[in-house]
Structures are given as structure tokens and as C-alpha cells.
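Trainee: Hey, dropping coords07.pdb in here, PDB, C-alpha atoms, pLDDT in the B column:
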ATOM      1  CA  MET A   1      87.297  72.307  85.864  1.00 51.00           C
ATOM      2  CA  SER A   2      88.911  69.082  86.978  1.00 55.00           C
ATOM      3  CA  ASP A   3      86.907  65.957  87.752  1.00 55.00           C
ATOM      4  CA  THR A   4      87.105  66.808  91.462  1.00 64.00           C
ATOM      5  CA  ASP A   5      86.149  70.458  90.937  1.00 82.00           C
ATOM      6  CA  THR A   6      82.393  70.222  90.748  1.00 90.00           C
ATOM      7  CA  PRO A   7      80.365  73.455  90.937  1.00 93.00           C
ATOM      8  CA  ASP A   8      79.820  72.694  94.644  1.00 93.00           C
ATOM      9  CA  THR A   9      83.544  72.297  95.351  1.00 93.00           C
ATOM     10  CA  VAL A  10      84.358  75.418  93.301  1.00 95.00           C
ATOM     11  CA  THR A  11      81.831  77.357  95.387  1.00 95.00           C
ATOM     12  CA  ALA A  12      83.102  75.862  98.670  1.00 95.00           C
ATOM     13  CA  ARG A  13      86.726  76.621  97.778  1.00 95.00           C
ATOM     14  CA  THR A  14      85.804  80.191  96.832  1.00 96.00           C
ATOM     15  CA  ARG A  15      83.865  80.655 100.070  1.00 95.00           C
ATOM     16  CA  GLN A  16      86.842  79.292 102.027  1.00 95.00           C
ATOM     17  CA  TRP A  17      89.135  81.779 100.245  1.00 96.00           C
ATOM     18  CA  ILE A  18      86.792  84.641 101.159  1.00 95.00           C
ATOM     19  CA  GLU A  19      86.623  83.517 104.788  1.00 94.00           C
ATOM     20  CA  THR A  20      90.377  82.934 105.067  1.00 94.00           C
ATOM     21  CA  VAL A  21      91.820  85.727 102.930  1.00 94.00           C
ATOM     22  CA  VAL A  22      89.279  88.439 102.177  1.00 94.00           C
ATOM     23  CA  VAL A  23      87.616  88.413 105.614  1.00 93.00           C
ATOM     24  CA  GLY A  24      90.342  86.693 107.650  1.00 93.00           C
ATOM     25  CA  MET A  25      93.025  89.132 106.512  1.00 92.00           C
ATOM     26  CA  ASN A  26      90.506  91.992 106.544  1.00 90.00           C
ATOM     27  CA  PHE A  27      91.395  92.813 102.933  1.00 92.00           C
ATOM     28  CA  CYS A  28      87.799  93.954 102.500  1.00 89.00           C
ATOM     29  CA  PRO A  29      86.419  95.264 105.784  1.00 83.00           C
ATOM     30  CA  PHE A  30      82.910  95.198 104.288  1.00 85.00           C
ATOM     31  CA  ALA A  31      82.854  91.530 103.263  1.00 89.00           C
ATOM     32  CA  LYS A  32      82.407  89.960 106.704  1.00 87.00           C
ATOM     33  CA  ARG A  33      78.981  91.499 107.228  1.00 87.00           C
ATOM     34  CA  GLU A  34      77.700  90.418 103.808  1.00 90.00           C
ATOM     35  CA  LEU A  35      79.043  86.900 104.194  1.00 90.00           C
ATOM     36  CA  ARG A  36      77.545  86.592 107.679  1.00 92.00           C
ATOM     37  CA  HIS A  37      74.158  87.878 106.471  1.00 92.00           C
ATOM     38  CA  GLY A  38      74.156  85.514 103.493  1.00 93.00           C
ATOM     39  CA  THR A  39      73.886  88.319 100.942  1.00 94.00           C
ATOM     40  CA  VAL A  40      76.760  87.058  98.775  1.00 96.00           C
ATOM     41  CA  ARG A  41      75.669  85.069  95.718  1.00 97.00           C
ATOM     42  CA  PHE A  42      78.086  82.460  94.344  1.00 97.00           C
ATOM     43  CA  ILE A  43      77.545  81.495  90.699  1.00 97.00           C
ATOM     44  CA  VAL A  44      79.786  79.056  88.832  1.00 97.00           C
ATOM     45  CA  ALA A  45      79.804  79.804  85.107  1.00 94.00           C
ATOM     46  CA  PRO A  46      79.102  76.537  83.287  1.00 86.00           C
ATOM     47  CA  GLU A  47      80.525  77.682  79.938  1.00 88.00           C
ATOM     48  CA  PRO A  48      84.028  79.033  79.318  1.00 89.00           C
ATOM     49  CA  GLU A  49      83.101  81.135  76.275  1.00 94.00           C
ATOM     50  CA  ILE A  50      83.197  84.932  76.511  1.00 96.00           C
ATOM     51  CA  GLU A  51      79.675  85.380  75.146  1.00 96.00           C
ATOM     52  CA  SER A  52      78.203  82.932  77.665  1.00 96.00           C
ATOM     53  CA  VAL A  53      79.982  84.587  80.568  1.00 97.00           C
ATOM     54  CA  LEU A  54      78.815  88.047  79.505  1.00 97.00           C
ATOM     55  CA  LEU A  55      75.228  86.808  79.162  1.00 97.00           C
ATOM     56  CA  GLN A  56      75.459  85.298  82.628  1.00 97.00           C
ATOM     57  CA  LEU A  57      76.839  88.587  83.956  1.00 97.00           C
ATOM     58  CA  MET A  58      73.782  90.374  82.544  1.00 97.00           C
ATOM     59  CA  ASP A  59      71.558  87.722  84.146  1.00 97.00           C
ATOM     60  CA  GLU A  60      73.225  88.542  87.462  1.00 97.00           C
ATOM     61  CA  CYS A  61      72.526  92.251  86.955  1.00 97.00           C
ATOM     62  CA  THR A  62      68.888  91.351  86.389  1.00 97.00           C
ATOM     63  CA  HIS A  63      68.951  89.232  89.547  1.00 97.00           C
ATOM     64  CA  LEU A  64      70.434  92.096  91.568  1.00 97.00           C
ATOM     65  CA  ASP A  65      67.829  94.464  90.107  1.00 97.00           C
ATOM     66  CA  ALA A  66      65.047  92.196  91.361  1.00 97.00           C
ATOM     67  CA  ASP A  67      66.528  90.997  94.674  1.00 95.00           C
ATOM     68  CA  ASP A  68      67.523  93.586  97.264  1.00 92.00           C
ATOM     69  CA  GLY A  69      68.545  90.709  99.533  1.00 93.00           C
ATOM     70  CA  THR A  70      71.575  89.961  97.380  1.00 95.00           C
ATOM     71  CA  GLN A  71      74.287  92.566  97.818  1.00 93.00           C
ATOM     72  CA  THR A  72      76.982  91.108  95.614  1.00 95.00           C
ATOM     73  CA  THR A  73      77.587  88.302  93.141  1.00 97.00           C
ATOM     74  CA  LEU A  74      80.754  86.332  92.539  1.00 97.00           C
ATOM     75  CA  LEU A  75      80.684  84.923  89.012  1.00 98.00           C
ATOM     76  CA  ILE A  76      83.285  82.172  89.275  1.00 98.00           C
ATOM     77  CA  LEU A  77      85.028  81.024  86.082  1.00 97.00           C
ATOM     78  CA  PRO A  78      86.756  77.686  86.725  1.00 95.00           C
ATOM     79  CA  GLU A  79      87.308  77.084  83.014  1.00 93.00           C
ATOM     80  CA  GLY A  80      88.451  79.083  80.035  1.00 90.00           C
ATOM     81  CA  PHE A  81      90.205  82.079  81.600  1.00 96.00           C
ATOM     82  CA  ALA A  82      93.379  80.664  83.151  1.00 95.00           C
ATOM     83  CA  ASP A  83      95.480  83.065  81.066  1.00 96.00           C
ATOM     84  CA  PHE A  84      95.514  86.390  82.916  1.00 97.00           C
ATOM     85  CA  ASP A  85      95.609  88.476  79.726  1.00 95.00           C
ATOM     86  CA  ASP A  86      92.545  86.647  78.363  1.00 96.00           C
ATOM     87  CA  TYR A  87      90.830  87.255  81.688  1.00 97.00           C
ATOM     88  CA  LEU A  88      91.682  90.972  81.572  1.00 96.00           C
ATOM     89  CA  ASP A  89      90.131  91.143  78.102  1.00 97.00           C
ATOM     90  CA  LEU A  90      86.969  89.572  79.520  1.00 97.00           C
ATOM     91  CA  ALA A  91      86.921  91.972  82.490  1.00 97.00           C
ATOM     92  CA  GLY A  92      87.239  94.917  80.102  1.00 97.00           C
ATOM     93  CA  LEU A  93      84.370  93.611  77.982  1.00 97.00           C
ATOM     94  CA  ALA A  94      82.295  93.127  81.139  1.00 97.00           C
ATOM     95  CA  GLU A  95      82.851  96.747  82.178  1.00 97.00           C
ATOM     96  CA  ASP A  96      81.995  97.964  78.664  1.00 97.00           C
ATOM     97  CA  LEU A  97      78.837  95.852  78.648  1.00 97.00           C
ATOM     98  CA  LEU A  98      77.717  97.262  82.000  1.00 97.00           C
ATOM     99  CA  ALA A  99      78.104 100.773  80.582  1.00 97.00           C
ATOM    100  CA  ASP A 100      76.332  99.861  77.320  1.00 97.00           C
ATOM    101  CA  ARG A 101      73.384  98.376  79.218  1.00 97.00           C
ATOM    102  CA  GLY A 102      72.939 101.388  81.489  1.00 97.00           C
ATOM    103  CA  TYR A 103      74.509  99.814  84.574  1.00 97.00           C
ATOM    104  CA  GLU A 104      77.427 102.231  84.891  1.00 94.00           C
ATOM    105  CA  GLY A 105      77.163 103.751  88.360  1.00 94.00           C
ATOM    106  CA  VAL A 106      74.762 100.989  89.415  1.00 97.00           C
ATOM    107  CA  TYR A 107      77.107  97.993  89.464  1.00 96.00           C
ATOM    108  CA  GLN A 108      80.841  97.662  89.142  1.00 94.00           C
ATOM    109  CA  VAL A 109      83.107  94.720  88.429  1.00 96.00           C
ATOM    110  CA  ALA A 110      86.032  93.868  90.692  1.00 95.00           C
ATOM    111  CA  SER A 111      88.669  91.493  89.357  1.00 94.00           C
ATOM    112  CA  PHE A 112      90.142  88.406  90.978  1.00 97.00           C
ATOM    113  CA  HIS A 113      92.350  85.794  89.321  1.00 98.00           C
ATOM    114  CA  PRO A 114      94.863  83.122  90.436  1.00 97.00           C
ATOM    115  CA  ASP A 115      97.621  84.969  88.518  1.00 97.00           C
ATOM    116  CA  TYR A 116      96.452  88.504  89.272  1.00 97.00           C
ATOM    117  CA  ARG A 117      99.202  91.044  88.751  1.00 96.00           C
ATOM    118  CA  PHE A 118      98.992  94.748  89.407  1.00 94.00           C
ATOM    119  CA  ALA A 119     100.279  96.761  86.456  1.00 91.00           C
ATOM    120  CA  ASP A 120     103.169  98.214  88.444  1.00 88.00           C
ATOM    121  CA  ALA A 121     104.120  95.021  90.319  1.00 91.00           C
ATOM    122  CA  ASP A 122     106.498  92.181  89.600  1.00 94.00           C
ATOM    123  CA  ALA A 123     104.794  88.818  89.052  1.00 92.00           C
ATOM    124  CA  ASP A 124     106.199  87.461  92.330  1.00 93.00           C
ATOM    125  CA  ASP A 125     105.273  90.529  94.431  1.00 97.00           C
ATOM    126  CA  PRO A 126     103.186  89.298  97.401  1.00 97.00           C
ATOM    127  CA  ALA A 127     100.991  92.402  96.956  1.00 96.00           C
ATOM    128  CA  ASN A 128      99.351  90.628  94.017  1.00 96.00           C
ATOM    129  CA  TYR A 129      97.782  88.164  96.465  1.00 96.00           C
ATOM    130  CA  THR A 130      95.332  90.817  97.611  1.00 95.00           C
ATOM    131  CA  ASN A 131      93.515  90.047  94.329  1.00 96.00           C
ATOM    132  CA  ARG A 132      94.570  86.442  93.754  1.00 96.00           C
ATOM    133  CA  SER A 133      91.768  83.943  94.109  1.00 97.00           C
ATOM    134  CA  PRO A 134      91.439  80.186  93.619  1.00 96.00           C
ATOM    135  CA  TYR A 135      89.651  80.736  90.295  1.00 96.00           C
ATOM    136  CA  PRO A 136      89.169  83.630  87.894  1.00 98.00           C
ATOM    137  CA  MET A 137      86.055  85.549  88.873  1.00 97.00           C
ATOM    138  CA  LEU A 138      84.098  88.672  88.181  1.00 98.00           C
ATOM    139  CA  HIS A 139      82.817  90.261  91.378  1.00 96.00           C
ATOM    140  CA  LEU A 140      79.671  92.275  90.717  1.00 97.00           C
ATOM    141  CA  LEU A 141      79.112  94.944  93.388  1.00 94.00           C
ATOM    142  CA  ARG A 142      76.285  97.376  94.038  1.00 93.00           C
ATOM    143  CA  GLU A 143      77.807 100.854  93.757  1.00 91.00           C
ATOM    144  CA  ASP A 144      75.391 102.471  96.228  1.00 89.00           C
ATOM    145  CA  ALA A 145      76.095  99.841  98.907  1.00 85.00           C
ATOM    146  CA  LEU A 146      79.830 100.231  98.350  1.00 81.00           C
ATOM    147  CA  GLU A 147      79.592 104.018  98.607  1.00 82.00           C
ATOM    148  CA  ASP A 148      77.606 103.707 101.861  1.00 80.00           C
ATOM    149  CA  ALA A 149      80.128 101.277 103.329  1.00 78.00           C
ATOM    150  CA  ILE A 150      83.051 103.506 102.377  1.00 80.00           C
ATOM    151  CA  ALA A 151      81.317 106.602 103.781  1.00 82.00           C
ATOM    152  CA  ASN A 152      80.959 104.873 107.154  1.00 78.00           C
ATOM    153  CA  TYR A 153      84.507 103.526 107.321  1.00 78.00           C
ATOM    154  CA  PRO A 154      87.318 105.550 108.871  1.00 82.00           C
ATOM    155  CA  ASP A 155      90.056 106.287 106.326  1.00 85.00           C
ATOM    156  CA  PRO A 156      88.924 104.057 103.433  1.00 82.00           C
ATOM    157  CA  ASP A 157      91.810 105.341 101.309  1.00 86.00           C
ATOM    158  CA  SER A 158      94.203 103.414 103.556  1.00 89.00           C
ATOM    159  CA  ILE A 159      92.644 100.021 102.748  1.00 91.00           C
ATOM    160  CA  PRO A 160      94.700  99.214  99.597  1.00 90.00           C
ATOM    161  CA  ASP A 161      98.002 100.346 101.143  1.00 92.00           C
ATOM    162  CA  ASN A 162      97.303  98.405 104.350  1.00 93.00           C
ATOM    163  CA  ASN A 163      96.445  95.299 102.319  1.00 94.00           C
ATOM    164  CA  ILE A 164      99.609  95.555 100.244  1.00 95.00           C
ATOM    165  CA  ALA A 165     101.746  96.043 103.370  1.00 96.00           C
ATOM    166  CA  LYS A 166     100.107  93.035 105.062  1.00 96.00           C
ATOM    167  CA  ALA A 167     100.533  90.819 101.985  1.00 96.00           C
ATOM    168  CA  ARG A 168     104.184  91.803 101.614  1.00 96.00           C
ATOM    169  CA  ALA A 169     104.885  91.300 105.320  1.00 97.00           C
ATOM    170  CA  LEU A 170     103.575  87.727 105.086  1.00 97.00           C
ATOM    171  CA  GLY A 171     105.766  87.052 102.050  1.00 96.00           C
ATOM    172  CA  ALA A 172     105.387  85.075  98.844  1.00 95.00           C
ATOM    173  CA  ASP A 173     106.094  81.687 100.458  1.00 96.00           C
ATOM    174  CA  TYR A 174     103.174  82.165 102.855  1.00 96.00           C
ATOM    175  CA  TRP A 175     100.785  82.976 100.014  1.00 96.00           C
ATOM    176  CA  ILE A 176     101.962  80.177  97.760  1.00 94.00           C
ATOM    177  CA  LYS A 177     101.377  77.663 100.568  1.00 95.00           C
ATOM    178  CA  LEU A 178      98.000  79.120 101.516  1.00 94.00           C
ATOM    179  CA  MET A 179      96.706  78.983  97.943  1.00 94.00           C
ATOM    180  CA  ALA A 180      98.049  75.435  97.507  1.00 93.00           C
ATOM    181  CA  ASP A 181      96.329  74.419 100.746  1.00 91.00           C
ATOM    182  CA  LEU A 182      93.042  75.888  99.518  1.00 88.00           C
ATOM    183  CA  HIS A 183      93.274  73.822  96.339  1.00 84.00           C
ATOM    184  CA  ALA A 184      94.215  70.695  98.277  1.00 84.00           C
ATOM    185  CA  THR A 185      91.220  70.935 100.599  1.00 78.00           C
ATOM    186  CA  ASP A 186      88.643  68.227 100.007  1.00 77.00           C
ATOM    187  CA  PHE A 187      85.098  69.460 100.289  1.00 73.00           C
ATOM    188  CA  PRO A 188      82.356  66.905 100.888  1.00 63.00           C
ATOM    189  CA  SER A 189      79.706  66.391  98.278  1.00 60.00           C
ATOM    190  CA  PRO A 190      76.296  67.789  99.239  1.00 55.00           C
TER     191      PRO A 190
END
Any chance you could give the structure as C-alpha cells?

Mentor:
Amino acid sequence: MSDTDTPDTVTARTRQWIETVVVGMNFCPFAKRELRHGTVRFIVAPEPEIESVLLQLMDECTHLDADDGTQTTLLILPEGFADFDDYLDLAGLAEDLLADRGYEGVYQVASFHPDYRFADADADDPANYTNRSPYPMLHLLREDALEDAIANYPDPDSIPDNNIAKARALGADYWIKLMADLHATDFPSP
């Protein structure tokens, strides 16, 4: 985290990304409702070590267990996971830990990273921006809420293809500028 990236600015920048990209581009048609209702929890991980992040992830599972008012948690990792391969290792460990702790089928982890790259995509494919975020993050979702949302959405299988088509239509230059603008935004101190 840079000197200007305090936990508050990291949270504000992440929220702005969700409002602009995830909701604004309708990449996740279920996110707008949760954001509007204030049921999204933003947590900035203070430590960049794998063990600390995994402990914090388990703390967030405990929080979700106890608080029905929180639908989803974004565990934001502004330090320590800039390398996408290191981040993927962490995401894999997070999924394994959820299964080991009995949370498989209860919560799932979605992956977002500034250098996100789909396995079958070139690094400069604009489609990657559907999962590129200002910071690495682990998105912890309630499986039952996700299943309900999908069940009530017409043609949920079209969402990824529509997102990829939209991202590609906008082009890499658009996305590069948008992400740079997000990082250049000054957020006031609380």
C-alpha cells in the first residue's frame, strides 16, 4: 500500500470500481441491489502474509455466519499479492480452506486481481477486465443467495459471454484508461 493508499482510500477506490465497472457495466446484475442495500462488507487486509489473509478469510466466514445482514465480503489485499500467480496460489488455498472448514456449498470465493487473466485468454485481451480490479481481492459470496439470484434471473448462462463481448467491444485502451483513472482519483480522508 502506498502512502496515499490508506485503508479508507483502498475501500473507496474498490467501491468506485464496483459502482463504475461491476454495477455500471452490469457485469454482475446482482451487485447493484446489494450495494444499494449496504449488504456488501469491505475489509482491507492489514497483513500481506498468506496465513494472515487465510485467518482473516475465516473471520469473515464467522462474521457471515452471525450476520444475515451482510450478503458478501470483499477481502481487499493491497499488499503482498501483486504477482498474479502468487494470488492464484492464495485463491486456491482459500478454496481448500473453505472446504476443510465445512464451508463448501455455504460460501464460495470469486477472484479479482489487477492482472487477472483467464486461462484461455491473451494477457492483453479486454475480456480479462471483467475480473480486473484495482487491488487483488477475495470475494466471499453466500452460495444460497447466489443460487436464489441466479434462479430469478432470465438466462444467467449468458452473463459471462455478454460481459466478455461488452469488454471486448470497449477495447483495451478504454479499460487501461478507466483503471488508471480509478487509481488517480483522490478520495478525501474521513

Trainee: Hey, what comes out of the PyMOL selection byres ((chain A and resi 52-58) around 12) on this file? Could you write it as a ChimeraX atom specification?

Mentor: /A:43-51,59-65,72-81,87,89-103,107-109,136-141

Trainee: Find the residues around Trp17 in chain A up to 9 Å (all atoms listed in the file counted), leave out those fewer than 6 positions away in its own chain, and share them as a count of residues only.

Mentor: 6

Trainee: Report the distance between CA of Phe30 in chain A and CA of Ala167 in chain A in Å, rounded to one decimal place.

Mentor: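 Pair CA of Phe30 in chain A / CA of Ala167 in chain A returns 18.3 Å.
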
Trainee: Considering only C-alpha atoms, give me a table of residues in range 93-185 of chain A that are at most 12 Å from range 34-38 of chain A, with the closest atom pair and distance in Å for each, as JSON lines.

Mentor:
{"residue": "A:Leu141", "atom": "CA", "partner": "A:Glu34", "partner_atom": "CA", "distance": 11.4}
{"residue": "A:Ala145", "atom": "CA", "partner": "A:Glu34", "partner_atom": "CA", "distance": 10.7}
{"residue": "A:Leu146", "atom": "CA", "partner": "A:Glu34", "partner_atom": "CA", "distance": 11.4}
{"residue": "A:Ala149", "atom": "CA", "partner": "A:Glu34", "partner_atom": "CA", "distance": 11.1}

Trainee: Let me make sure I understand: among A:Asp186, A:Trp175, A:Gln71, A:Asn152, which one has the smallest atom-to-atom distance to Pro29 in chain A if we use only C-alpha atoms?

Mentor: A:Asn152

Trainee: Out of A:Arg132, A:Ala184, A:Asp68, A:Thr6, which residue has the shortest atom-to-atom distance to Ile18 in chain A when counting all atoms listed in the file?

Mentor: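 Closest candidate: A:Arg132.
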
Trainee: Return as a VMD selection string the set of residues that the PyMOL selection byres ((chain A and resi 176) around 12) yields on the displayed structure.

Mentor: chain A and resid 114 to 115 124 to 126 128 to 129 132 to 134 167 170 to 175 177 to 183

Trainee: So how many Å separate CA of Glu104 in chain A and CA of Val10 in chain A, to one decimal?

Mentor: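 It comes out at 28.9 Å.
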
Trainee: Please measure the separation of CA of Thr39 in chain A and CA of Thr70 in chain A, giving the value in Å to one decimal.

Mentor: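 That distance, rounded to one decimal, is 4.6 Å.
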
Trainee: Which residues, protein or nucleic acid, reach to within 9 Å of (94.9, 94.2, 100.3) in the file's coordinates when using only C-alpha atoms, and can you give that as a list of chain:residue names?

Mentor: A:Val22, A:Met25, A:Asn26, A:Phe27, A:Cys28, A:Ala127, A:Asn128, A:Tyr129, A:Thr130, A:Asn131, A:Ile159, A:Pro160, A:Asp161, A:Asn162, A:Asn163, A:Ile164, A:Ala165, A:Lys166, A:Ala167

Trainee: Just add N, CA and C atoms to range 89-115 of chain A and send it as a tab-separated table (two decimals), keeping the file's coordinate frame.

Mentor:
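Listing of selection.tsv after writing:
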chain	number	residue	atom	x	y	z
A	89	ASP	N	90.98	90.79	79.25
A	89	ASP	CA	90.13	91.14	78.10
A	89	ASP	C	88.66	90.95	78.46
A	90	LEU	N	88.34	89.84	79.10
A	90	LEU	CA	86.97	89.57	79.52
A	90	LEU	C	86.48	90.63	80.50
A	91	ALA	N	87.31	90.97	81.50
A	91	ALA	CA	86.92	91.97	82.49
A	91	ALA	C	86.65	93.32	81.82
A	92	GLY	N	87.46	93.68	80.84
A	92	GLY	CA	87.24	94.92	80.10
A	92	GLY	C	85.93	94.88	79.34
A	93	LEU	N	85.64	93.76	78.70
A	93	LEU	CA	84.37	93.61	77.98
A	93	LEU	C	83.19	93.68	78.95
A	94	ALA	N	83.36	93.10	80.13
A	94	ALA	CA	82.30	93.13	81.14
A	94	ALA	C	82.01	94.57	81.57
A	95	GLU	N	83.04	95.34	81.80
A	95	GLU	CA	82.85	96.75	82.18
A	95	GLU	C	82.18	97.53	81.05
A	96	ASP	N	82.61	97.29	79.81
A	96	ASP	CA	82.00	97.96	78.66
A	96	ASP	C	80.52	97.59	78.54
A	97	LEU	N	80.22	96.31	78.75
A	97	LEU	CA	78.84	95.85	78.65
A	97	LEU	C	77.96	96.49	79.72
A	98	LEU	N	78.48	96.59	80.94
A	98	LEU	CA	77.72	97.26	82.00
A	98	LEU	C	77.38	98.70	81.59
A	99	ALA	N	78.34	99.39	81.02
A	99	ALA	CA	78.10	100.77	80.58
A	99	ALA	C	77.09	100.81	79.44
A	100	ASP	N	77.25	99.90	78.48
A	100	ASP	CA	76.33	99.86	77.32
A	100	ASP	C	74.90	99.56	77.73
A	101	ARG	N	74.72	98.78	78.78
A	101	ARG	CA	73.38	98.38	79.22
A	101	ARG	C	72.80	99.29	80.28
A	102	GLY	N	73.47	100.42	80.54
A	102	GLY	CA	72.94	101.39	81.49
A	102	GLY	C	73.23	101.08	82.94
A	103	TYR	N	74.19	100.20	83.20
A	103	TYR	CA	74.51	99.81	84.57
A	103	TYR	C	75.72	100.55	85.14
A	104	GLU	N	76.31	101.45	84.37
A	104	GLU	CA	77.43	102.23	84.89
A	104	GLU	C	76.91	103.09	86.05
A	105	GLY	N	77.61	103.03	87.17
A	105	GLY	CA	77.16	103.75	88.36
A	105	GLY	C	76.18	102.97	89.20
A	106	VAL	N	75.68	101.85	88.67
A	106	VAL	CA	74.76	100.99	89.42
A	106	VAL	C	75.54	99.79	89.97
A	107	TYR	N	76.27	99.13	89.08
A	107	TYR	CA	77.11	97.99	89.46
A	107	TYR	C	78.51	98.23	88.94
A	108	GLN	N	79.47	97.63	89.63
A	108	GLN	CA	80.84	97.66	89.14
A	108	GLN	C	81.42	96.26	89.24
A	109	VAL	N	82.44	96.02	88.45
A	109	VAL	CA	83.11	94.72	88.43
A	109	VAL	C	84.46	94.85	89.10
A	110	ALA	N	84.71	93.99	90.08
A	110	ALA	CA	86.03	93.87	90.69
A	110	ALA	C	86.66	92.58	90.15
A	111	SER	N	87.97	92.60	90.01
A	111	SER	CA	88.67	91.49	89.36
A	111	SER	C	89.49	90.67	90.34
A	112	PHE	N	89.35	89.35	90.20
A	112	PHE	CA	90.14	88.41	90.98
A	112	PHE	C	90.56	87.27	90.05
A	113	HIS	N	91.81	86.83	90.20
A	113	HIS	CA	92.35	85.79	89.32
A	113	HIS	C	93.52	85.11	90.03
A	114	PRO	N	93.74	83.82	89.79
A	114	PRO	CA	94.86	83.12	90.44
A	114	PRO	C	96.23	83.73	90.10
A	115	ASP	N	96.35	84.36	88.94
A	115	ASP	CA	97.62	84.97	88.52
A	115	ASP	C	97.54	86.49	88.48
